[in-house]
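These notes concern the structure reproduced below.
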Amino acid sequence: MSKRVSADYVVGIDVGTSKVAVVIGEVQPEDKLRVVGYASTPTAGGLKKGVVVNIERTIEAIRRSLETAELMADCRVRSAYVTLTGSHVRSLNSTGVVPIRRSEITDRDVDSVIEAASAMAIPADQQILHVLAQEFVVDGQEGIHDPVGMSAVRLEARVHMVTGATSPAQNLQKCVERCGLTVEKLVLGQLASAEAVLLRDERELGVAVVDIGGGTSDIAVYKGGAIRHTAVLPIAGDQVTNDIAVAFRTPAHHAEEIKKNYGCARAELVTDNDVIEVPAVGEIPARELSRQMLAEVMRPRLAELLRYVRKELHRADVYDLIAGGVVLTGGVARTPGLIELAEDVFQIPVRVGVPQSVDLGDEARRHDPACAASAGLLLYALQQRPRRGRSGGSGGIGSGGVRVWVDKVRSWVTGNL
């Protein structure tokens, strides 16, 4: 049976250090999303700290996930939104001003002021990933999110710019394209996660999203409904795994499984007689060690990781903006006791962020913070589509040349280049 190529779908590929997840979402009435295809495959060393280090292994992981997701959804994927992370990512805030030639602000004026705000000198080896509008100022009046139609003589835009190194971005795009896909857009990982886990009230009050994955910890700070700061720290779950491997003298892949199945961030949450079997290297017999000892190995590294996050928030002078607290997501956020440990470090409320506003189908995925970026990619992709009432429109499946052009024009209006 031939696969469908012209349905109302959006597609996301979450390329992380430890896994590649492909998610296919069907757009339902009132722009609701239902996942019809999902697959996750280990990267097998194809990426390190969020950056492609082995092209062939990365391609294989993407291809395997893609084939499984297509089979589940009974469709053929042609294009997708793809996450990007890595310590090469940089961010800054910028301002642009333009005069209003006519008495009323138009879409063209908004385009012009955002272009003026993004006209910053960046290193030759960097490229712009996002230009995100924070707010507009109309004749001195601040806090305006949509100035179109307002009377004015002067329009100012405050934007948040995200840049990334050109080579890592091109290598990631090459891997996706060699799987027969077109990259609609490279999306910063924590922006996708924030789309899935944050509540509107949190965005207004002020909140920090911390996506702790296998190789990087990605930070996004929101205040007043807009993005204020982004950062990527090269410290994450892989270092916890390495500590377990060294302390228990066990291979890294066994250490990863022990961390996932038995890990805990606080020793007092486990009992003395709770033991686990730890495989040894080579032909040495496996040993039994207490789960409490495992927690004592994991806690210092997790505490260090959280202190690095807090240090970054202070360095960027945004710690005082997050009255709504911290939302932890990503695979490491599943660790029991991590919330209590994080509240000790940050001294503000902390919660685990799980996907919302997307029907992930499987009950486990609905409550899994590791699926946040995948679900957020679908929500991000949905925002880039022309509103309902359009003709055709195939999301990430089938032909979409006209839609891509329309999306690029629309992205200038919304502040996402």
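To be explicit about the labels: the chains of the structure tokens are called A, B, and onward in the order shown, and within each one the residues are counted from 1, while ligands get numbers from 1 in the order they are shown.
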Could you please write out, as a ChimeraX atom specification, every residue of stretch 17-266 of chain A that DSSP assigns to strand (DSSP E)? /A:19-28,32-42,47-48,51-52,79-84,90-99,126-138,141-144,154-165,182-188,207-212,217-223,226-233
Report as CSV: every residue of stretch 1-86 of chain A with an atom at most 10 Å from stretch 173-193 of chain A, its closest pair of atoms, and their distance in Å to one decimal, counting only C-alpha atoms, with rows sorted by chain and ascending residue number.
```
residue,atom,partner,partner_atom,distance
A:Val11,CA,A:Glu184,CA,9.6
A:Gly12,CA,A:Glu184,CA,9.6
A:Ile13,CA,A:Val176,CA,9.0
A:Asp14,CA,A:Gly189,CA,7.9
A:Val15,CA,A:Gly189,CA,8.9
A:Gly16,CA,A:Gly189,CA,8.8
A:Gly50,CA,A:Gly189,CA,9.9
A:Val52,CA,A:Cys175,CA,8.8
A:Asn54,CA,A:Cys175,CA,9.8
A:Ile55,CA,A:Cys175,CA,6.5
A:Glu56,CA,A:Cys175,CA,8.0
A:Arg57,CA,A:Cys175,CA,9.4
A:Thr58,CA,A:Cys175,CA,6.7
A:Ile59,CA,A:Cys175,CA,5.2
A:Glu60,CA,A:Cys179,CA,8.6
A:Ala61,CA,A:Cys175,CA,9.8
A:Ile62,CA,A:Val176,CA,7.1
A:Arg63,CA,A:Cys179,CA,6.0
A:Arg64,CA,A:Cys179,CA,9.7
A:Leu66,CA,A:Cys179,CA,8.5
A:Glu67,CA,A:Cys179,CA,9.9
A:Val77,CA,A:Leu181,CA,7.2
A:Arg78,CA,A:Leu181,CA,5.0
A:Ser79,CA,A:Thr182,CA,4.4
A:Ala80,CA,A:Val183,CA,5.4
A:Tyr81,CA,A:Lys185,CA,5.2
A:Val82,CA,A:Leu186,CA,5.0
A:Thr83,CA,A:Val187,CA,4.7
A:Leu84,CA,A:Leu188,CA,5.0
A:Thr85,CA,A:Gly189,CA,5.8
A:Gly86,CA,A:Gly189,CA,9.4
```
Would you write out those residues with C-alpha atoms, as a PDB file, in the first residue's frame?
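Result written to selection-v8.pdb:
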```pdb
ATOM      1  CA  VAL A  11       6.905  16.876  11.635  1.00  0.00           C
ATOM      2  CA  GLY A  12       9.687  17.385  14.159  1.00  0.00           C
ATOM      3  CA  ILE A  13      13.093  15.768  14.612  1.00  0.00           C
ATOM      4  CA  ASP A  14      14.679  16.186  18.040  1.00  0.00           C
ATOM      5  CA  VAL A  15      18.394  15.512  17.549  1.00  0.00           C
ATOM      6  CA  GLY A  16      19.993  15.132  20.966  1.00  0.00           C
ATOM      7  CA  GLY A  50      24.807  18.344  21.016  1.00  0.00           C
ATOM      8  CA  VAL A  52      27.531  16.052  15.210  1.00  0.00           C
ATOM      9  CA  ASN A  54      30.084  11.232  13.295  1.00  0.00           C
ATOM     10  CA  ILE A  55      28.031  11.896  10.172  1.00  0.00           C
ATOM     11  CA  GLU A  56      27.225   8.271   9.327  1.00  0.00           C
ATOM     12  CA  ARG A  57      26.074   7.295  12.822  1.00  0.00           C
ATOM     13  CA  THR A  58      23.889  10.378  13.053  1.00  0.00           C
ATOM     14  CA  ILE A  59      22.341   9.678   9.651  1.00  0.00           C
ATOM     15  CA  GLU A  60      21.661   6.078  10.678  1.00  0.00           C
ATOM     16  CA  ALA A  61      19.925   7.171  13.888  1.00  0.00           C
ATOM     17  CA  ILE A  62      17.775   9.697  12.016  1.00  0.00           C
ATOM     18  CA  ARG A  63      16.925   7.184   9.281  1.00  0.00           C
ATOM     19  CA  ARG A  64      15.917   4.441  11.712  1.00  0.00           C
ATOM     20  CA  LEU A  66      12.209   8.231  10.527  1.00  0.00           C
ATOM     21  CA  GLU A  67      11.349   4.842   9.016  1.00  0.00           C
ATOM     22  CA  VAL A  77       7.840  12.608   5.383  1.00  0.00           C
ATOM     23  CA  ARG A  78       9.318  15.209   3.068  1.00  0.00           C
ATOM     24  CA  SER A  79      10.355  17.998   5.466  1.00  0.00           C
ATOM     25  CA  ALA A  80      10.715  18.641   9.187  1.00  0.00           C
ATOM     26  CA  TYR A  81      11.628  21.116  11.905  1.00  0.00           C
ATOM     27  CA  VAL A  82      14.861  20.091  13.620  1.00  0.00           C
ATOM     28  CA  THR A  83      16.287  20.964  17.040  1.00  0.00           C
ATOM     29  CA  LEU A  84      19.773  22.420  17.378  1.00  0.00           C
ATOM     30  CA  THR A  85      21.895  22.862  20.482  1.00  0.00           C
ATOM     31  CA  GLY A  86      25.549  23.013  21.502  1.00  0.00           C
TER      32      GLY A  86
END
```
Near A:Val153, within 12 Å and counting only C-alpha atoms, which residues show up once chain neighbours fewer than 5 positions away are dropped, as a VMD selection string? chain A and resid 97 to 105 109 137 to 141
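Nearest to A:Arg203 of all the residues A:Gly331, A:Pro300, A:Gly46, A:Gly225 is A:Gly225, based on only C-alpha atoms.
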For A:Leu306, the closest of A:Leu328, A:Ala245, A:Leu379, A:Val20 counting only C-alpha atoms is A:Leu328
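Among the candidate residues A:His314, A:His145, A:Lys49, A:His229, the one lying nearest to A:Ser18 is A:Lys49, with distances computed using only C-alpha atoms.
Between atom CA of A:Asp146 and atom CA of A:Leu132 the separation is 13.3 Å.
Atom CA of A:Val22 is found 7.4 Å from atom CA of A:Ser374.
Candidate residues A:Leu155, A:Ala226, A:Ile219, A:Leu92 were compared for distance to A:Arg108, and the nearest is A:Leu155, using only C-alpha atoms.
Interatomic distance, atom CA of A:Ala133 to atom CA of A:Glu156: 10.8 Å.
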